[in-house]
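J.: Structure file data10.pdb (PDB, N, CA and C atoms) is given on the next line.
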```pdb
ATOM      1  N   MET A   1      68.006  -5.212 -76.571
ATOM      2  CA  MET A   1      69.100  -4.803 -77.416
ATOM      3  C   MET A   1      69.365  -3.316 -77.217
ATOM      4  N   LEU A   2      70.613  -2.960 -77.078
ATOM      5  CA  LEU A   2      70.978  -1.561 -76.964
ATOM      6  C   LEU A   2      71.356  -1.018 -78.333
ATOM      7  N   ASP A   3      70.955   0.206 -78.599
ATOM      8  CA  ASP A   3      71.215   0.848 -79.877
ATOM      9  C   ASP A   3      71.830   2.209 -79.605
ATOM     10  N   PRO A   4      73.107   2.423 -79.970
ATOM     11  CA  PRO A   4      73.761   3.689 -79.654
ATOM     12  C   PRO A   4      73.254   4.880 -80.463
ATOM     13  N   ILE A   5      72.425   4.610 -81.476
ATOM     14  CA  ILE A   5      71.896   5.704 -82.283
ATOM     15  C   ILE A   5      70.993   6.574 -81.412
ATOM     16  N   GLY A   6      71.218   7.857 -81.438
ATOM     17  CA  GLY A   6      70.395   8.789 -80.680
ATOM     18  C   GLY A   6      71.005   9.236 -79.363
ATOM     19  N   ALA A   7      72.087   8.587 -78.925
ATOM     20  CA  ALA A   7      72.691   8.964 -77.639
ATOM     21  C   ALA A   7      73.238  10.394 -77.681
ATOM     22  N   GLY A   8      73.908  10.736 -78.746
ATOM     23  CA  GLY A   8      74.456  12.089 -78.874
ATOM     24  C   GLY A   8      73.374  13.142 -78.978
ATOM     25  N   ASP A   9      72.328  12.830 -79.743
ATOM     26  CA  ASP A   9      71.193  13.749 -79.855
ATOM     27  C   ASP A   9      70.510  13.923 -78.507
ATOM     28  N   GLY A  10      70.368  12.824 -77.771
ATOM     29  CA  GLY A  10      69.761  12.894 -76.446
ATOM     30  C   GLY A  10      70.597  13.736 -75.495
ATOM     31  N   PHE A  11      71.913  13.539 -75.539
ATOM     32  CA  PHE A  11      72.801  14.335 -74.688
ATOM     33  C   PHE A  11      72.666  15.819 -75.016
ATOM     34  N   ALA A  12      72.704  16.148 -76.306
ATOM     35  CA  ALA A  12      72.585  17.546 -76.721
ATOM     36  C   ALA A  12      71.245  18.142 -76.284
ATOM     37  N   ALA A  13      70.173  17.376 -76.446
ATOM     38  CA  ALA A  13      68.850  17.859 -76.035
ATOM     39  C   ALA A  13      68.805  18.109 -74.533
ATOM     40  N   GLY A  14      69.422  17.209 -73.763
ATOM     41  CA  GLY A  14      69.443  17.388 -72.317
ATOM     42  C   GLY A  14      70.235  18.607 -71.888
ATOM     43  N   VAL A  15      71.375  18.818 -72.510
ATOM     44  CA  VAL A  15      72.201  19.990 -72.174
ATOM     45  C   VAL A  15      71.470  21.273 -72.551
ATOM     46  N   LEU A  16      70.929  21.312 -73.753
ATOM     47  CA  LEU A  16      70.224  22.525 -74.177
ATOM     48  C   LEU A  16      69.005  22.807 -73.303
ATOM     49  N   SER A  17      68.242  21.764 -72.971
ATOM     50  CA  SER A  17      67.061  21.989 -72.135
ATOM     51  C   SER A  17      67.469  22.396 -70.720
ATOM     52  N   GLY A  18      68.579  21.853 -70.223
ATOM     53  CA  GLY A  18      69.068  22.261 -68.910
ATOM     54  C   GLY A  18      69.483  23.716 -68.891
ATOM     55  N   LEU A  19      70.156  24.153 -69.957
ATOM     56  CA  LEU A  19      70.549  25.563 -70.048
ATOM     57  C   LEU A  19      69.324  26.466 -70.122
ATOM     58  N   LEU A  20      68.322  26.051 -70.899
ATOM     59  CA  LEU A  20      67.091  26.842 -70.999
ATOM     60  C   LEU A  20      66.336  26.903 -69.679
ATOM     61  N   ASP A  21      66.482  25.866 -68.852
ATOM     62  CA  ASP A  21      65.837  25.836 -67.539
ATOM     63  C   ASP A  21      66.702  26.482 -66.457
ATOM     64  N   ASN A  22      67.829  27.104 -66.866
ATOM     65  CA  ASN A  22      68.748  27.781 -65.945
ATOM     66  C   ASN A  22      69.283  26.857 -64.855
ATOM     67  N   GLN A  23      69.547  25.600 -65.210
ATOM     68  CA  GLN A  23      70.134  24.667 -64.253
ATOM     69  C   GLN A  23      71.643  24.932 -64.143
ATOM     70  N   SER A  24      72.234  24.409 -63.076
ATOM     71  CA  SER A  24      73.681  24.495 -62.934
ATOM     72  C   SER A  24      74.333  23.646 -64.016
ATOM     73  N   ILE A  25      75.608  23.882 -64.269
ATOM     74  CA  ILE A  25      76.320  23.084 -65.261
ATOM     75  C   ILE A  25      76.297  21.608 -64.872
ATOM     76  N   GLN A  26      76.487  21.313 -63.594
ATOM     77  CA  GLN A  26      76.472  19.922 -63.139
ATOM     78  C   GLN A  26      75.123  19.262 -63.433
ATOM     79  N   GLU A  27      74.037  19.923 -63.114
ATOM     80  CA  GLU A  27      72.705  19.378 -63.374
ATOM     81  C   GLU A  27      72.423  19.288 -64.870
ATOM     82  N   THR A  28      72.906  20.266 -65.629
ATOM     83  CA  THR A  28      72.713  20.258 -67.077
ATOM     84  C   THR A  28      73.398  19.057 -67.713
ATOM     85  N   VAL A  29      74.641  18.804 -67.328
ATOM     86  CA  VAL A  29      75.375  17.662 -67.875
ATOM     87  C   VAL A  29      74.745  16.348 -67.408
ATOM     88  N   LYS A  30      74.294  16.308 -66.172
ATOM     89  CA  LYS A  30      73.627  15.105 -65.662
ATOM     90  C   LYS A  30      72.365  14.813 -66.474
ATOM     91  N   ARG A  31      71.606  15.847 -66.782
ATOM     92  CA  ARG A  31      70.396  15.671 -67.597
ATOM     93  C   ARG A  31      70.771  15.165 -68.987
ATOM     94  N   GLY A  32      71.804  15.749 -69.573
ATOM     95  CA  GLY A  32      72.255  15.308 -70.892
ATOM     96  C   GLY A  32      72.677  13.854 -70.890
ATOM     97  N   CYS A  33      73.440  13.462 -69.892
ATOM     98  CA  CYS A  33      73.887  12.062 -69.793
ATOM     99  C   CYS A  33      72.713  11.121 -69.600
ATOM    100  N   THR A  34      71.754  11.531 -68.800
ATOM    101  CA  THR A  34      70.586  10.682 -68.546
ATOM    102  C   THR A  34      69.772  10.484 -69.812
ATOM    103  N   ILE A  35      69.496  11.561 -70.532
ATOM    104  CA  ILE A  35      68.704  11.442 -71.753
ATOM    105  C   ILE A  35      69.468  10.641 -72.802
ATOM    106  N   GLY A  36      70.777  10.865 -72.915
ATOM    107  CA  GLY A  36      71.581  10.076 -73.846
ATOM    108  C   GLY A  36      71.538   8.603 -73.523
ATOM    109  N   ALA A  37      71.617   8.265 -72.244
ATOM    110  CA  ALA A  37      71.560   6.861 -71.835
ATOM    111  C   ALA A  37      70.189   6.259 -72.111
ATOM    112  N   LEU A  38      69.134   7.008 -71.829
ATOM    113  CA  LEU A  38      67.783   6.492 -72.082
ATOM    114  C   LEU A  38      67.550   6.248 -73.563
ATOM    115  N   ALA A  39      68.162   7.053 -74.414
ATOM    116  CA  ALA A  39      67.986   6.896 -75.863
ATOM    117  C   ALA A  39      68.550   5.575 -76.359
ATOM    118  N   THR A  40      69.499   5.005 -75.646
ATOM    119  CA  THR A  40      70.129   3.758 -76.100
ATOM    120  C   THR A  40      69.357   2.511 -75.678
ATOM    121  N   ARG A  41      68.309   2.667 -74.927
ATOM    122  CA  ARG A  41      67.577   1.511 -74.399
ATOM    123  C   ARG A  41      66.639   0.869 -75.412
ATOM    124  N   VAL A  42      66.383   1.547 -76.518
ATOM    125  CA  VAL A  42      65.495   1.009 -77.553
ATOM    126  C   VAL A  42      66.123   1.225 -78.922
ATOM    127  N   SER A  43      65.636   0.517 -79.913
ATOM    128  CA  SER A  43      66.105   0.718 -81.279
ATOM    129  C   SER A  43      65.468   1.971 -81.857
ATOM    130  N   GLY A  44      66.236   2.691 -82.637
ATOM    131  CA  GLY A  44      65.707   3.873 -83.308
ATOM    132  C   GLY A  44      66.381   5.141 -82.836
ATOM    133  N   ASP A  45      66.173   6.199 -83.593
ATOM    134  CA  ASP A  45      66.838   7.469 -83.315
ATOM    135  C   ASP A  45      66.231   8.233 -82.145
ATOM    136  N   ILE A  46      64.917   8.313 -82.099
ATOM    137  CA  ILE A  46      64.276   9.161 -81.089
ATOM    138  C   ILE A  46      63.256   8.426 -80.231
ATOM    139  N   GLU A  47      63.050   7.171 -80.491
ATOM    140  CA  GLU A  47      62.020   6.416 -79.779
ATOM    141  C   GLU A  47      62.279   6.336 -78.273
ATOM    142  N   GLY A  48      63.535   6.396 -77.854
ATOM    143  CA  GLY A  48      63.859   6.285 -76.443
ATOM    144  C   GLY A  48      63.955   7.603 -75.701
ATOM    145  N   LEU A  49      63.756   8.714 -76.411
ATOM    146  CA  LEU A  49      63.845  10.012 -75.743
ATOM    147  C   LEU A  49      62.638  10.210 -74.823
ATOM    148  N   PRO A  50      62.885  10.560 -73.563
ATOM    149  CA  PRO A  50      61.778  10.680 -72.607
ATOM    150  C   PRO A  50      61.077  12.035 -72.708
ATOM    151  N   ASP A  51      59.820  12.070 -72.289
ATOM    152  CA  ASP A  51      59.168  13.364 -72.118
ATOM    153  C   ASP A  51      59.568  13.890 -70.737
ATOM    154  N   ARG A  52      59.146  15.074 -70.397
ATOM    155  CA  ARG A  52      59.571  15.707 -69.147
ATOM    156  C   ARG A  52      59.188  14.880 -67.930
ATOM    157  N   GLU A  53      57.972  14.346 -67.937
ATOM    158  CA  GLU A  53      57.501  13.553 -66.798
ATOM    159  C   GLU A  53      58.353  12.294 -66.604
ATOM    160  N   ALA A  54      58.613  11.577 -67.695
ATOM    161  CA  ALA A  54      59.422  10.358 -67.605
ATOM    162  C   ALA A  54      60.858  10.681 -67.186
ATOM    163  N   LEU A  55      61.402  11.787 -67.683
ATOM    164  CA  LEU A  55      62.761  12.192 -67.309
ATOM    165  C   LEU A  55      62.836  12.511 -65.822
ATOM    166  N   ASP A  56      61.893  13.295 -65.334
ATOM    167  CA  ASP A  56      61.896  13.650 -63.909
ATOM    168  C   ASP A  56      61.761  12.408 -63.032
ATOM    169  N   GLU A  57      60.874  11.498 -63.423
ATOM    170  CA  GLU A  57      60.683  10.269 -62.650
ATOM    171  C   GLU A  57      61.971   9.441 -62.626
ATOM    172  N   TYR A  58      62.608   9.298 -63.768
ATOM    173  CA  TYR A  58      63.833   8.505 -63.849
ATOM    174  C   TYR A  58      64.966   9.164 -63.065
ATOM    175  N   MET A  59      65.118  10.470 -63.196
ATOM    176  CA  MET A  59      66.214  11.159 -62.500
ATOM    177  C   MET A  59      66.005  11.145 -60.991
ATOM    178  N   ASN A  60      64.780  11.238 -60.540
ATOM    179  CA  ASN A  60      64.522  11.172 -59.101
ATOM    180  C   ASN A  60      64.815   9.778 -58.565
ATOM    181  N   ARG A  61      64.544   8.759 -59.351
ATOM    182  CA  ARG A  61      64.843   7.389 -58.947
ATOM    183  C   ARG A  61      66.353   7.174 -58.888
ATOM    184  N   ILE A  62      67.083   7.729 -59.835
ATOM    185  CA  ILE A  62      68.544   7.601 -59.851
ATOM    186  C   ILE A  62      69.132   8.265 -58.611
ATOM    187  N   ASP A  63      68.675   9.472 -58.281
ATOM    188  CA  ASP A  63      69.216  10.204 -57.140
ATOM    189  C   ASP A  63      69.101   9.411 -55.847
ATOM    190  N   LYS A  64      68.019   8.681 -55.688
ATOM    191  CA  LYS A  64      67.802   7.932 -54.463
ATOM    192  C   LYS A  64      68.652   6.672 -54.402
ATOM    193  N   GLU A  65      69.028   6.129 -55.552
ATOM    194  CA  GLU A  65      69.785   4.885 -55.587
ATOM    195  C   GLU A  65      71.257   5.108 -55.933
ATOM    196  N   ASP A  66      71.637   6.334 -56.231
ATOM    197  CA  ASP A  66      72.984   6.624 -56.695
ATOM    198  C   ASP A  66      74.010   6.410 -55.593
ATOM    199  N   VAL A  67      75.163   5.917 -55.960
ATOM    200  CA  VAL A  67      76.260   5.735 -55.025
ATOM    201  C   VAL A  67      77.163   6.948 -55.109
ATOM    202  N   ILE A  68      77.391   7.586 -54.001
ATOM    203  CA  ILE A  68      78.261   8.764 -53.955
ATOM    204  C   ILE A  68      79.580   8.352 -53.333
ATOM    205  N   ARG A  69      80.640   8.609 -54.039
ATOM    206  CA  ARG A  69      81.966   8.254 -53.545
ATOM    207  C   ARG A  69      82.756   9.480 -53.217
TER     208      ARG A  69
END
```
Would you kindly transcribe this structure into C-alpha cells?
T.:
Amino acid sequence: MLDPIGAGDGFAAGVLSGLLDNQSIQETVKRGCTIGALATRVSGDIEGLPDREALDEYMNRIDKEDVIR
C-alpha cells in the first residue's frame, strides 16, 4: 500500500540536506524527489525515510538503471 503522507517532508529533507552538502541544484532536487518517493512506500509519516546509507544505495541503483532521453 502506498501512503502519500510524508512525501513533502521527505522532499524538504532531501533538498535541505543536499544544500547542506553543497550539491548542485539538480542533485539537490533529485535527492529531494528520491526521499519523497521512498517515504510513500510504507504507511506512516517518517517510517519510510531512509538513512544516508540506504539513500546512497538506492540513488546509485537508480543511476545505473535510469533511462536518459
J.: To one decimal in Å, tell me the separation between CA of Ile35 (chain A) and atom N of Glu53 (chain A).
T.: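 Value for the CA of Ile35 (chain A)-atom N of Glu53 (chain A) distance: 11.8 Å.
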J.: Kindly indicate which residue among A:Asp45, A:Ala39, A:Glu57, A:Gly32 lies nearest to Ser17 (chain A), using only N, CA and C atoms for the distances.
T.: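 Looking only at the distances to Ser17 (chain A), the closest residue turns out to be A:Gly32.
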J.: I need the residues of region 25-60 of chain A that end up classed as helix (DSSP H, G or I) by DSSP on the backbone, written out as a ChimeraX atom specification.
T.: /A:25-39,52-60
J.: Take the selection from the previous step and output its residues with N, CA and C atoms, as a CSV table (one decimal), keeping the file's coordinate frame.
T.:
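In the end it all went to result.csv:
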```csv
chain,number,residue,atom,x,y,z
A,25,ILE,N,75.6,23.9,-64.3
A,25,ILE,CA,76.3,23.1,-65.3
A,25,ILE,C,76.3,21.6,-64.9
A,26,GLN,N,76.5,21.3,-63.6
A,26,GLN,CA,76.5,19.9,-63.1
A,26,GLN,C,75.1,19.3,-63.4
A,27,GLU,N,74.0,19.9,-63.1
A,27,GLU,CA,72.7,19.4,-63.4
A,27,GLU,C,72.4,19.3,-64.9
A,28,THR,N,72.9,20.3,-65.6
A,28,THR,CA,72.7,20.3,-67.1
A,28,THR,C,73.4,19.1,-67.7
A,29,VAL,N,74.6,18.8,-67.3
A,29,VAL,CA,75.4,17.7,-67.9
A,29,VAL,C,74.7,16.3,-67.4
A,30,LYS,N,74.3,16.3,-66.2
A,30,LYS,CA,73.6,15.1,-65.7
A,30,LYS,C,72.4,14.8,-66.5
A,31,ARG,N,71.6,15.8,-66.8
A,31,ARG,CA,70.4,15.7,-67.6
A,31,ARG,C,70.8,15.2,-69.0
A,32,GLY,N,71.8,15.7,-69.6
A,32,GLY,CA,72.3,15.3,-70.9
A,32,GLY,C,72.7,13.9,-70.9
A,33,CYS,N,73.4,13.5,-69.9
A,33,CYS,CA,73.9,12.1,-69.8
A,33,CYS,C,72.7,11.1,-69.6
A,34,THR,N,71.8,11.5,-68.8
A,34,THR,CA,70.6,10.7,-68.5
A,34,THR,C,69.8,10.5,-69.8
A,35,ILE,N,69.5,11.6,-70.5
A,35,ILE,CA,68.7,11.4,-71.8
A,35,ILE,C,69.5,10.6,-72.8
A,36,GLY,N,70.8,10.9,-72.9
A,36,GLY,CA,71.6,10.1,-73.8
A,36,GLY,C,71.5,8.6,-73.5
A,37,ALA,N,71.6,8.3,-72.2
A,37,ALA,CA,71.6,6.9,-71.8
A,37,ALA,C,70.2,6.3,-72.1
A,38,LEU,N,69.1,7.0,-71.8
A,38,LEU,CA,67.8,6.5,-72.1
A,38,LEU,C,67.6,6.2,-73.6
A,39,ALA,N,68.2,7.1,-74.4
A,39,ALA,CA,68.0,6.9,-75.9
A,39,ALA,C,68.6,5.6,-76.4
A,52,ARG,N,59.1,15.1,-70.4
A,52,ARG,CA,59.6,15.7,-69.1
A,52,ARG,C,59.2,14.9,-67.9
A,53,GLU,N,58.0,14.3,-67.9
A,53,GLU,CA,57.5,13.6,-66.8
A,53,GLU,C,58.4,12.3,-66.6
A,54,ALA,N,58.6,11.6,-67.7
A,54,ALA,CA,59.4,10.4,-67.6
A,54,ALA,C,60.9,10.7,-67.2
A,55,LEU,N,61.4,11.8,-67.7
A,55,LEU,CA,62.8,12.2,-67.3
A,55,LEU,C,62.8,12.5,-65.8
A,56,ASP,N,61.9,13.3,-65.3
A,56,ASP,CA,61.9,13.6,-63.9
A,56,ASP,C,61.8,12.4,-63.0
A,57,GLU,N,60.9,11.5,-63.4
A,57,GLU,CA,60.7,10.3,-62.6
A,57,GLU,C,62.0,9.4,-62.6
A,58,TYR,N,62.6,9.3,-63.8
A,58,TYR,CA,63.8,8.5,-63.8
A,58,TYR,C,65.0,9.2,-63.1
A,59,MET,N,65.1,10.5,-63.2
A,59,MET,CA,66.2,11.2,-62.5
A,59,MET,C,66.0,11.1,-61.0
A,60,ASN,N,64.8,11.2,-60.5
A,60,ASN,CA,64.5,11.2,-59.1
A,60,ASN,C,64.8,9.8,-58.6
```
J.: Evaluating the PyMOL selection byres ((chain A and resi 29) around 8) on the displayed file yields which residues, as a VMD selection string?
T.: chain A and resid 11 14 to 16 18 to 19 23 to 28 30 to 35
J.: Which one of A:Ala54, A:Met59, A:Asn22, A:Gly48 sits closest to Gly36 (chain A) if you count all atoms listed in the file?
T.: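 So, comparing all the options, the nearest one is A:Gly48.
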J.: Quick one: distance from CA of Asp21 (chain A) to CA of Gly44 (chain A) in Å, one decimal?
T.: 27.0 Å
J.: Between A:Asp51, A:Arg61, A:Arg41, A:Asp56, which has the minimum distance to Ala13 (chain A) (counting only C-alpha atoms)?
T.: A:Asp51
J.: Apply the PyMOL selection byres (((chain A and resi 5 and name CA) around 7) and name CA) to the displayed file and report the matching residues as number ranges by chain.
T.: A: 3-4, 6-7, 40, 44-45
J.: Grab all the atoms of region 42-55 of chain A that the file lists, wrap them in a box along x, y and z, add 4 Å per side, and give me centre plus edge lengths in Å (one decimal) as JSON.
T.:
```
{"center_x": 62.2, "center_y": 8.1, "center_z": -74.7, "size_x": 17.3, "size_y": 23.2, "size_z": 25.8}
```
J.: In Å, with one decimal, what is the gap from CA of Ile46 (chain A) to atom C of Leu20 (chain A)?
T.: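 If I compute the distance from CA of Ile46 (chain A) to atom C of Leu20 (chain A), I get 21.2 Å.
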J.: Please, could N, CA, C and O atoms be added to region 49-61 of chain A and the result written as a PDB file, in the frame of the given file?
T.:
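Produced file result.pdb, reproduced below:
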```
ATOM      1  N   LEU A  49      63.756   8.714 -76.411  1.00  0.00           N
ATOM      2  CA  LEU A  49      63.845  10.012 -75.743  1.00  0.00           C
ATOM      3  C   LEU A  49      62.638  10.210 -74.823  1.00  0.00           C
ATOM      4  O   LEU A  49      61.494  10.049 -75.247  1.00  0.00           O
ATOM      5  N   PRO A  50      62.885  10.560 -73.563  1.00  0.00           N
ATOM      6  CA  PRO A  50      61.778  10.680 -72.607  1.00  0.00           C
ATOM      7  C   PRO A  50      61.077  12.035 -72.708  1.00  0.00           C
ATOM      8  O   PRO A  50      61.676  13.027 -73.141  1.00  0.00           O
ATOM      9  N   ASP A  51      59.820  12.070 -72.289  1.00  0.00           N
ATOM     10  CA  ASP A  51      59.168  13.364 -72.118  1.00  0.00           C
ATOM     11  C   ASP A  51      59.568  13.890 -70.737  1.00  0.00           C
ATOM     12  O   ASP A  51      60.283  13.227 -69.976  1.00  0.00           O
ATOM     13  N   ARG A  52      59.146  15.074 -70.397  1.00  0.00           N
ATOM     14  CA  ARG A  52      59.571  15.707 -69.147  1.00  0.00           C
ATOM     15  C   ARG A  52      59.188  14.880 -67.930  1.00  0.00           C
ATOM     16  O   ARG A  52      59.969  14.699 -67.010  1.00  0.00           O
ATOM     17  N   GLU A  53      57.972  14.346 -67.937  1.00  0.00           N
ATOM     18  CA  GLU A  53      57.501  13.553 -66.798  1.00  0.00           C
ATOM     19  C   GLU A  53      58.353  12.294 -66.604  1.00  0.00           C
ATOM     20  O   GLU A  53      58.775  11.983 -65.487  1.00  0.00           O
ATOM     21  N   ALA A  54      58.613  11.577 -67.695  1.00  0.00           N
ATOM     22  CA  ALA A  54      59.422  10.358 -67.605  1.00  0.00           C
ATOM     23  C   ALA A  54      60.858  10.681 -67.186  1.00  0.00           C
ATOM     24  O   ALA A  54      61.460   9.948 -66.400  1.00  0.00           O
ATOM     25  N   LEU A  55      61.402  11.787 -67.683  1.00  0.00           N
ATOM     26  CA  LEU A  55      62.761  12.192 -67.309  1.00  0.00           C
ATOM     27  C   LEU A  55      62.836  12.511 -65.822  1.00  0.00           C
ATOM     28  O   LEU A  55      63.736  12.038 -65.121  1.00  0.00           O
ATOM     29  N   ASP A  56      61.893  13.295 -65.334  1.00  0.00           N
ATOM     30  CA  ASP A  56      61.896  13.650 -63.909  1.00  0.00           C
ATOM     31  C   ASP A  56      61.761  12.408 -63.032  1.00  0.00           C
ATOM     32  O   ASP A  56      62.463  12.270 -62.026  1.00  0.00           O
ATOM     33  N   GLU A  57      60.874  11.498 -63.423  1.00  0.00           N
ATOM     34  CA  GLU A  57      60.683  10.269 -62.650  1.00  0.00           C
ATOM     35  C   GLU A  57      61.971   9.441 -62.626  1.00  0.00           C
ATOM     36  O   GLU A  57      62.390   8.966 -61.573  1.00  0.00           O
ATOM     37  N   TYR A  58      62.608   9.298 -63.768  1.00  0.00           N
ATOM     38  CA  TYR A  58      63.833   8.505 -63.849  1.00  0.00           C
ATOM     39  C   TYR A  58      64.966   9.164 -63.065  1.00  0.00           C
ATOM     40  O   TYR A  58      65.682   8.492 -62.322  1.00  0.00           O
ATOM     41  N   MET A  59      65.118  10.470 -63.196  1.00  0.00           N
ATOM     42  CA  MET A  59      66.214  11.159 -62.500  1.00  0.00           C
ATOM     43  C   MET A  59      66.005  11.145 -60.991  1.00  0.00           C
ATOM     44  O   MET A  59      66.968  11.025 -60.235  1.00  0.00           O
ATOM     45  N   ASN A  60      64.780  11.238 -60.540  1.00  0.00           N
ATOM     46  CA  ASN A  60      64.522  11.172 -59.101  1.00  0.00           C
ATOM     47  C   ASN A  60      64.815   9.778 -58.565  1.00  0.00           C
ATOM     48  O   ASN A  60      65.300   9.632 -57.449  1.00  0.00           O
ATOM     49  N   ARG A  61      64.544   8.759 -59.351  1.00  0.00           N
ATOM     50  CA  ARG A  61      64.843   7.389 -58.947  1.00  0.00           C
ATOM     51  C   ARG A  61      66.353   7.174 -58.888  1.00  0.00           C
ATOM     52  O   ARG A  61      66.857   6.563 -57.965  1.00  0.00           O
TER      53      ARG A  61
END
```
